[in-house]
Amino acid sequence: MLVVMSREADVSAFPEEPGAPVASPQDLLERVATGDQAAFSALYDQLAPRVFGLVKRLLRDHSQSEEVTQEIFLEIWQTATRFDANKGAAVSWILTMAHRRTVDRVRSSQSSRDRDVRIGIRDHNPDYDHVSETIEVRLEHERVEKAMSRLTELQRQAVSLAYYGGYSHSEVATMLSVPVGTVKTRLRDGMIRLRDELGVAS
Amino acid sequence: MTERNDDLAAQSGAYALNALSPEEREAFEKHLTASAETRTETTELSDTAVALGMAVDPVTPPPALKANLMAMIAQTPQLPREVEVVDDAAKVVQPAATPAEKKAQGRWFTRPATALAAVAAAVALIVAGGVVADSIGRTSLQETSFAAQQADQLAAINGASDSQRLVSTVTGGATATFVWSVELASSAVIVDGLEPLPDNQVYELWYIDSAGARPAGLMDASTDGTTWRVLDGKMAAGDVVGVTIEPKGGSDAPTTAPIVVFESA
């Protein structure tokens, strides 16, 4: 698929082009909360590739991914009134919601899915149909990969299976042949390690 | 109960990764309201999870997805804003909260509304039959951009400051809504449960003024749910809008009696 990545997909860098100022997701989301449909349109342009990429990573199925992405953006429209910038960044709010909704879908359609356990573990391989890799995405990718490399094998596998595979902690326990209690602990330890490596702490 | 709480606190990582079962998730969220420490940690781990999400390659969705969404939001109400009383109460109780704790409190005390999925599903159903939904992912570029254009226009009409609407019943029982904006000189007709026509017929829309009827576009009934179309041409204040059944391809002037008529004021 030869599609040129538009700058809208660049969510954290807002290039100041002459005559084309780009509003931040934060500003846009606040405008969406007032019923501004044009702001919703701009917000969609900026973040839809991020959301769709994440949803597709978890669900893999193209048409299901479209459905879920649509549901997520509809929910963004409906609940934008509840977004408060004091509580965190707009992008975080949206990606958190996107991940949760996608996992909900993964769980509800589990029986019909052919889930290869190893897909979750090999998850750092890029999708074949990804649009392109901007420098920004590649840097984030490398940063996360580097942070992930600091985890123990078990922590890394557990976190990957949970986040990129959408597996529950009990499923992860089965796959890795360790007790559920151990998985919970590894997920927490792993995420704390990642937090520190990525400098997320507030 | 401390033991149980410790056990709950240990689930922050699993929670941030959405790896808990619905029951566990609920129990954990209850625990969050009680423990500032867990709240702060959970906020940070959730932000860490976002970083994992940001490392995924973006994929551009098909254009029809946006077109469909724009049509949906035009008809979807937003939740009322919440009055954040709880937040204030929390500040009184813990005046020395760190910025991180405040951020965490704010985030977890205001719960996202539930049952939204049901609303979303219902709306999806309502729109699913429309010209736009049918085109998702499987139409030619031309149809897609037409659908996108239509959706953008419908959104603009609904969003216009002078947007007005009228509801009427179509001959045969379907409910039709006429929405227009004089400022934008544009209007749309939305019909719920419009009956499908034989292949050799089509619905035609008309702007009617003292000079007569001007053709304003054709539409086919969607197989289920909602049929809608933004009218071609410019609308003037006081224009009457009608829908007739015409032979395939449409007519230059109405050949049958309208099945519904709207009089814009």
# chains A, B, ... in the order shown; residues from 1 in each chain; ligands from 1
>>> closest_atom_pairs(of="chain A", to="chain B", cutoff="6 Å", atoms="only C-alpha atoms", output="JSON lines")
{"residue": "A:Pro49", "atom": "CA", "partner": "B:Thr60", "partner_atom": "CA", "distance": 4.4}
{"residue": "A:Arg50", "atom": "CA", "partner": "B:Pro58", "partner_atom": "CA", "distance": 4.6}
{"residue": "A:Phe52", "atom": "CA", "partner": "B:Val59", "partner_atom": "CA", "distance": 5.9}
{"residue": "A:Gly53", "atom": "CA", "partner": "B:Pro58", "partner_atom": "CA", "distance": 4.5}
{"residue": "A:Gln78", "atom": "CA", "partner": "B:Gln78", "partner_atom": "CA", "distance": 4.2}
{"residue": "A:Thr79", "atom": "CA", "partner": "B:Leu79", "partner_atom": "CA", "distance": 5.8}
{"residue": "A:Thr81", "atom": "CA", "partner": "B:Arg81", "partner_atom": "CA", "distance": 5.2}
{"residue": "A:Arg82", "atom": "CA", "partner": "B:Arg81", "partner_atom": "CA", "distance": 5.9}
{"residue": "A:Lys87", "atom": "CA", "partner": "B:Arg107", "partner_atom": "CA", "distance": 4.9}
{"residue": "A:Ser92", "atom": "CA", "partner": "B:Val50", "partner_atom": "CA", "distance": 5.9}
{"residue": "A:His130", "atom": "CA", "partner": "B:Val59", "partner_atom": "CA", "distance": 5.4}
{"residue": "A:Val131", "atom": "CA", "partner": "B:Val59", "partner_atom": "CA", "distance": 5.2}
{"residue": "A:Glu140", "atom": "CA", "partner": "B:Ala55", "partner_atom": "CA", "distance": 5.2}
{"residue": "A:His141", "atom": "CA", "partner": "B:Ala55", "partner_atom": "CA", "distance": 4.4}
{"residue": "A:Ala162", "atom": "CA", "partner": "B:Ala19", "partner_atom": "CA", "distance": 5.9}
{"residue": "A:Tyr163", "atom": "CA", "partner": "B:Leu17", "partner_atom": "CA", "distance": 5.4}
{"residue": "A:Ser168", "atom": "CA", "partner": "B:Ala19", "partner_atom": "CA", "distance": 4.1}
{"residue": "A:His169", "atom": "CA", "partner": "B:Ala19", "partner_atom": "CA", "distance": 5.2}
{"residue": "A:Lys184", "atom": "CA", "partner": "B:Gln11", "partner_atom": "CA", "distance": 5.9}
{"residue": "A:Leu187", "atom": "CA", "partner": "B:Gly13", "partner_atom": "CA", "distance": 5.1}
{"residue": "A:Arg188", "atom": "CA", "partner": "B:Gly13", "partner_atom": "CA", "distance": 3.9}
{"residue": "A:Met191", "atom": "CA", "partner": "B:Gly13", "partner_atom": "CA", "distance": 5.9}
{"residue": "A:Arg195", "atom": "CA", "partner": "B:Thr48", "partner_atom": "CA", "distance": 5.5}
{"residue": "A:Ala201", "atom": "CA", "partner": "B:Glu44", "partner_atom": "CA", "distance": 5.8}
{"residue": "A:Ser202", "atom": "CA", "partner": "B:Ala100", "partner_atom": "CA", "distance": 5.6}
>>> closest_residue(among="A:Thr34, A:Ala158, A:Val183, A:Leu29", to="Ala85 of chain A", atoms="only C-alpha atoms")
A:Leu29
>>> closest_residue(among="B:Thr256, B:Ala174, B:Ser161, B:Ala237", to="Ala221 of chain B", atoms="only C-alpha atoms")
B:Ala174
>>> atom_distance(atom1="atom CA of Val241 of chain B", atom2="atom CA of Gln75 of chain B")
20.9 Å
>>> atom_distance(atom1="atom CA of Gly249 of chain B", atom2="atom CA of Val202 of chain B")
7.2 Å
>>> residues_around(residues="Gly238 of chain B", least_positions_apart="5", cutoff="12 Å", atoms="only C-alpha atoms", output="PyMOL selection string")
chain B and resi 180-182+185+207-210+262-265
>>> write_last_selection(atoms="N, CA, C and O atoms", output="mmCIF file, in the first residue's frame")
data_model
loop_
_atom_site.group_PDB
_atom_site.id
_atom_site.type_symbol
_atom_site.label_atom_id
_atom_site.label_comp_id
_atom_site.auth_asym_id
_atom_site.auth_seq_id
_atom_site.Cartn_x
_atom_site.Cartn_y
_atom_site.Cartn_z
ATOM 1 N N TRP B 180 -31.865 22.335 7.557
ATOM 2 C CA TRP B 180 -31.322 23.322 6.614
ATOM 3 C C TRP B 180 -30.650 24.489 7.326
ATOM 4 O O TRP B 180 -30.878 24.722 8.511
ATOM 5 N N SER B 181 -29.820 25.175 6.560
ATOM 6 C CA SER B 181 -29.185 26.396 7.027
ATOM 7 C C SER B 181 -29.254 27.420 5.907
ATOM 8 O O SER B 181 -28.749 27.186 4.806
ATOM 9 N N VAL B 182 -29.919 28.536 6.175
ATOM 10 C CA VAL B 182 -30.032 29.582 5.160
ATOM 11 C C VAL B 182 -28.668 30.222 4.927
ATOM 12 O O VAL B 182 -28.281 30.544 3.805
ATOM 13 N N ALA B 185 -26.969 28.174 2.699
ATOM 14 C CA ALA B 185 -27.791 27.938 1.506
ATOM 15 C C ALA B 185 -27.816 26.450 1.162
ATOM 16 O O ALA B 185 -27.699 26.059 0.001
ATOM 17 N N TYR B 207 -35.959 21.397 -5.107
ATOM 18 C CA TYR B 207 -36.177 22.703 -4.495
ATOM 19 C C TYR B 207 -37.310 23.349 -5.285
ATOM 20 O O TYR B 207 -37.280 23.364 -6.520
ATOM 21 N N ILE B 208 -38.291 23.852 -4.585
ATOM 22 C CA ILE B 208 -39.437 24.435 -5.282
ATOM 23 C C ILE B 208 -39.631 25.881 -4.837
ATOM 24 O O ILE B 208 -39.688 26.174 -3.633
ATOM 25 N N ASP B 209 -39.667 26.799 -5.789
ATOM 26 C CA ASP B 209 -40.007 28.191 -5.459
ATOM 27 C C ASP B 209 -41.053 28.669 -6.462
ATOM 28 O O ASP B 209 -41.595 27.873 -7.230
ATOM 29 N N SER B 210 -41.299 29.969 -6.495
ATOM 30 C CA SER B 210 -42.377 30.475 -7.348
ATOM 31 C C SER B 210 -42.099 30.186 -8.832
ATOM 32 O O SER B 210 -43.015 30.112 -9.636
ATOM 33 N N PHE B 262 -41.636 19.736 2.505
ATOM 34 C CA PHE B 262 -41.241 20.581 3.646
ATOM 35 C C PHE B 262 -41.266 22.034 3.210
ATOM 36 O O PHE B 262 -40.822 22.367 2.113
ATOM 37 N N GLU B 263 -41.746 22.895 4.069
ATOM 38 C CA GLU B 263 -41.705 24.319 3.772
ATOM 39 C C GLU B 263 -40.759 25.002 4.739
ATOM 40 O O GLU B 263 -41.064 25.138 5.920
ATOM 41 N N SER B 264 -39.588 25.389 4.255
ATOM 42 C CA SER B 264 -38.641 26.091 5.122
ATOM 43 C C SER B 264 -39.200 27.488 5.387
ATOM 44 O O SER B 264 -39.746 28.115 4.509
ATOM 45 N N ALA B 265 -39.071 27.936 6.599
ATOM 46 C CA ALA B 265 -39.655 29.231 6.948
ATOM 47 C C ALA B 265 -38.707 30.362 6.584
ATOM 48 O O ALA B 265 -37.514 30.150 6.494
#
>>> decode(residues="segment 229-250 of chain B", atoms="N, CA, C and O atoms", output="tab-separated table (two decimals), in the first residue's frame")
chain	number	residue	atom	x	y	z
B	229	ARG	N	-29.64	12.51	2.20
B	229	ARG	CA	-28.89	13.15	1.13
B	229	ARG	C	-28.89	14.66	1.34
B	229	ARG	O	-29.90	15.24	1.71
B	230	VAL	N	-27.74	15.23	1.09
B	230	VAL	CA	-27.64	16.69	1.05
B	230	VAL	C	-28.08	17.09	-0.35
B	230	VAL	O	-27.64	16.50	-1.33
B	231	LEU	N	-28.96	18.08	-0.43
B	231	LEU	CA	-29.51	18.45	-1.73
B	231	LEU	C	-28.48	19.19	-2.58
B	231	LEU	O	-27.67	19.97	-2.07
B	232	ASP	N	-28.52	18.93	-3.87
B	232	ASP	CA	-27.67	19.67	-4.81
B	232	ASP	C	-28.23	21.08	-4.97
B	232	ASP	O	-29.43	21.30	-4.88
B	233	GLY	N	-27.35	22.00	-5.31
B	233	GLY	CA	-27.79	23.36	-5.60
B	233	GLY	C	-27.94	24.22	-4.36
B	233	GLY	O	-27.73	23.74	-3.25
B	234	LYS	N	-28.28	25.47	-4.59
B	234	LYS	CA	-28.38	26.40	-3.47
B	234	LYS	C	-29.81	26.56	-3.02
B	234	LYS	O	-30.74	26.64	-3.82
B	235	MET	N	-29.97	26.62	-1.73
B	235	MET	CA	-31.29	26.79	-1.17
B	235	MET	C	-31.48	28.25	-0.79
B	235	MET	O	-30.57	28.89	-0.28
B	236	ALA	N	-32.67	28.80	-1.07
B	236	ALA	CA	-32.98	30.16	-0.64
B	236	ALA	C	-34.02	30.08	0.48
B	236	ALA	O	-34.80	29.14	0.53
B	237	ALA	N	-34.00	31.08	1.37
B	237	ALA	CA	-34.98	31.11	2.44
B	237	ALA	C	-36.38	31.05	1.84
B	237	ALA	O	-36.66	31.73	0.85
B	238	GLY	N	-37.23	30.22	2.40
B	238	GLY	CA	-38.59	30.12	1.90
B	238	GLY	C	-38.77	29.04	0.84
B	238	GLY	O	-39.89	28.72	0.46
B	239	ASP	N	-37.68	28.45	0.38
B	239	ASP	CA	-37.79	27.36	-0.59
B	239	ASP	C	-38.58	26.20	0.01
B	239	ASP	O	-38.46	25.91	1.19
B	240	VAL	N	-39.37	25.55	-0.85
B	240	VAL	CA	-40.06	24.34	-0.44
B	240	VAL	C	-39.24	23.17	-0.98
B	240	VAL	O	-38.67	23.25	-2.07
B	241	VAL	N	-39.16	22.12	-0.19
B	241	VAL	CA	-38.43	20.95	-0.64
B	241	VAL	C	-39.38	19.77	-0.73
B	241	VAL	O	-40.20	19.55	0.17
B	242	GLY	N	-39.31	19.06	-1.83
B	242	GLY	CA	-40.17	17.90	-2.01
B	242	GLY	C	-39.39	16.69	-2.49
B	242	GLY	O	-38.29	16.82	-3.02
B	243	VAL	N	-39.98	15.52	-2.26
B	243	VAL	CA	-39.37	14.28	-2.75
B	243	VAL	C	-40.42	13.55	-3.59
B	243	VAL	O	-41.56	13.40	-3.15
B	244	THR	N	-40.04	13.14	-4.81
B	244	THR	CA	-40.97	12.38	-5.65
B	244	THR	C	-40.31	11.08	-6.09
B	244	THR	O	-39.11	10.91	-5.95
B	245	ILE	N	-41.15	10.20	-6.64
B	245	ILE	CA	-40.62	8.96	-7.22
B	245	ILE	C	-40.57	9.16	-8.72
B	245	ILE	O	-41.58	9.54	-9.34
B	246	GLU	N	-39.40	8.96	-9.31
B	246	GLU	CA	-39.21	9.22	-10.74
B	246	GLU	C	-38.61	7.99	-11.41
B	246	GLU	O	-38.05	7.13	-10.74
B	247	PRO	N	-38.72	7.97	-12.75
B	247	PRO	CA	-38.07	6.86	-13.47
B	247	PRO	C	-36.56	6.91	-13.23
B	247	PRO	O	-36.00	7.98	-12.99
B	248	LYS	N	-35.92	5.77	-13.35
B	248	LYS	CA	-34.48	5.65	-13.15
B	248	LYS	C	-33.74	6.75	-13.92
B	248	LYS	O	-34.06	7.04	-15.07
B	249	GLY	N	-32.78	7.38	-13.28
B	249	GLY	CA	-32.05	8.47	-13.93
B	249	GLY	C	-32.59	9.83	-13.57
B	249	GLY	O	-31.93	10.84	-13.77
B	250	GLY	N	-33.84	9.86	-13.05
B	250	GLY	CA	-34.42	11.11	-12.62
B	250	GLY	C	-35.11	11.87	-13.74
B	250	GLY	O	-34.99	11.51	-14.91
